[in-house]
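See structure below.
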Amino acid sequence: MSVISVGQAVVLGAVEGVTEFLPVSSTGHLKIAEGLMNIPVDDDAVVGFSAVIQVGAIAAVLVYFFKDIVRIVSAWGRGLRNKEERYHHDYKFAWWVIYATVPIVVVGLAAKPLIEGPLASLWVVAGSLIVGSGVMWAADQMGRHKRGEDDTSFKDAMLVGSSQILALLFPGFSRSGATMSTALMLDLDRVAATRLSFFLGIPALTGAGIYELKDALGTGAGAVPLVVGTAVSFVVAYASIAWLLKFVAKHSFNAFVVYRLVVGVLLFGLLATGALSS
């Protein structure tokens, strides 16, 4: 019998789809939703389920940015065959994404017991939501927003990619929030920061989902809930991506900062009063 029902999978898939690419922490929101539904957040099957349904959100990115991805991968392929093509920005960008994924993979494997154990606590989520809000606000205020996507460099990709580690170790900090904040500090404009966050998330999140798939199925998550949760995540994430890119083109990140603060404080209150178990 699955530790997660089909109905719960629908809810968690929707939560994942909405929050994966918004800078509000999908992991934090999933853990809160699991806690409210009395699902054990530190159960191996639940941890695996959360990682697997991220693949639905990543699939949404692949579909939404299909033309961009084909262009970049094609440039990478041409560059492997032709030395002259290696000066093209898309060829270099493809390698940067690969290199920038290495730090989170190394830390993820090395710190797996901590990530799935003590750091999975909702107390950590609450604190990370609040601290991450301050970082995001500061980055949006300090950033000069003067550099576009074509101005990104290897240094930008490595720094932004490495910042994903913050969200890995501190659920609630938000992978999107960490990467976007870092990009803003590097003076990228909001749209460029958001798109860079999307592209850098593709290999990291896909790898995490594939890595956890066997454990998720083997520890009781259930194939049907996994398929349902992943499908719902895909549909909702696609709509979320389209909305976010339009939003950041005209607005600051202040709305997300306020939302994160409210959720973080509320979560602290629920935990302190015993209304929600950590």
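To be explicit about the labels: the chains of the structure tokens are called A, B, and onward in the order shown, and within each one the residues are counted from 1, while ligands get numbers from 1 in the order they are shown.
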Polymer residues at most 7 Å from Ala75 in chain A, only C-alpha atoms, same-chain spacing of 3 or more positions, as a short mmCIF file (atom, residue, chain, number, x, y, z; two decimals) with N, CA and C atoms, in the first residue's frame:
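Result file is selection25.cif:
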data_model
loop_
_atom_site.label_atom_id
_atom_site.label_comp_id
_atom_site.auth_asym_id
_atom_site.auth_seq_id
_atom_site.Cartn_x
_atom_site.Cartn_y
_atom_site.Cartn_z
N ARG A 71 18.48 24.99 -29.69
CA ARG A 71 19.52 25.89 -30.19
C ARG A 71 20.83 25.70 -29.44
N ILE A 72 20.74 25.61 -28.11
CA ILE A 72 21.94 25.47 -27.28
C ILE A 72 22.59 24.11 -27.48
N ARG A 78 27.68 21.08 -32.55
CA ARG A 78 28.53 21.60 -33.63
C ARG A 78 29.92 21.93 -33.12
N GLY A 79 29.96 22.47 -31.88
CA GLY A 79 31.25 22.84 -31.30
C GLY A 79 32.13 21.64 -31.01
N ASP A 90 26.35 30.09 -27.30
CA ASP A 90 25.51 28.95 -26.94
C ASP A 90 26.34 27.70 -26.65
N TYR A 91 27.42 27.49 -27.40
CA TYR A 91 28.30 26.34 -27.15
C TYR A 91 28.93 26.45 -25.76
#
>> Which residues are near Ser121 in chain A? Cut-off 9 Å, only C-alpha atoms, ignore same chain within fewer than 4 positions. Put them as an NGL selection string.
In response: :A and (31 or 41-42 or 117 or 125-126 or 171 or 278)
> Which polymer residues have any atom within 8 Å of an atom of range 231-240 of chain A, counting only C-alpha atoms, with same-chain residues fewer than 3 positions away left out, as a ChimeraX atom specification?
Replying inline: /A:10,13-22,53-61,64,227-228,243-244
Each residue of range 80-117 of chain A with at least one atom at most 10 Å from range 202-205 of chain A should appear once, together with its nearest atom pair and the corresponding distance in Å (one decimal); atoms considered: only C-alpha atoms; ordering: chain, then increasing residue number; output as CSV.
residue,atom,partner,partner_atom,distance
A:Val97,CA,A:Pro203,CA,8.1
A:Ile98,CA,A:Pro203,CA,7.7
A:Ala100,CA,A:Ala204,CA,9.4
A:Thr101,CA,A:Ala204,CA,6.1
A:Val102,CA,A:Ala204,CA,8.8
A:Pro103,CA,A:Ala204,CA,10.0
A:Ile104,CA,A:Ala204,CA,7.3
A:Val105,CA,A:Ala204,CA,7.2
A:Gly108,CA,A:Ala204,CA,9.8
Would you save the residues from that selection as a compact mmCIF listing (two decimals), in the first residue's frame, using C-alpha atoms?
# COMPACT_ATOMS: atom_id res chain seq x y z
CA VAL A 97 25.51 24.53 -17.35
CA ILE A 98 27.31 21.18 -17.11
CA ALA A 100 27.79 24.57 -12.78
CA THR A 101 25.89 21.38 -11.94
CA VAL A 102 28.93 19.60 -10.50
CA PRO A 103 29.00 21.40 -7.10
CA ILE A 104 25.39 20.57 -6.21
CA VAL A 105 25.85 16.94 -7.30
CA GLY A 108 24.07 16.33 -2.63
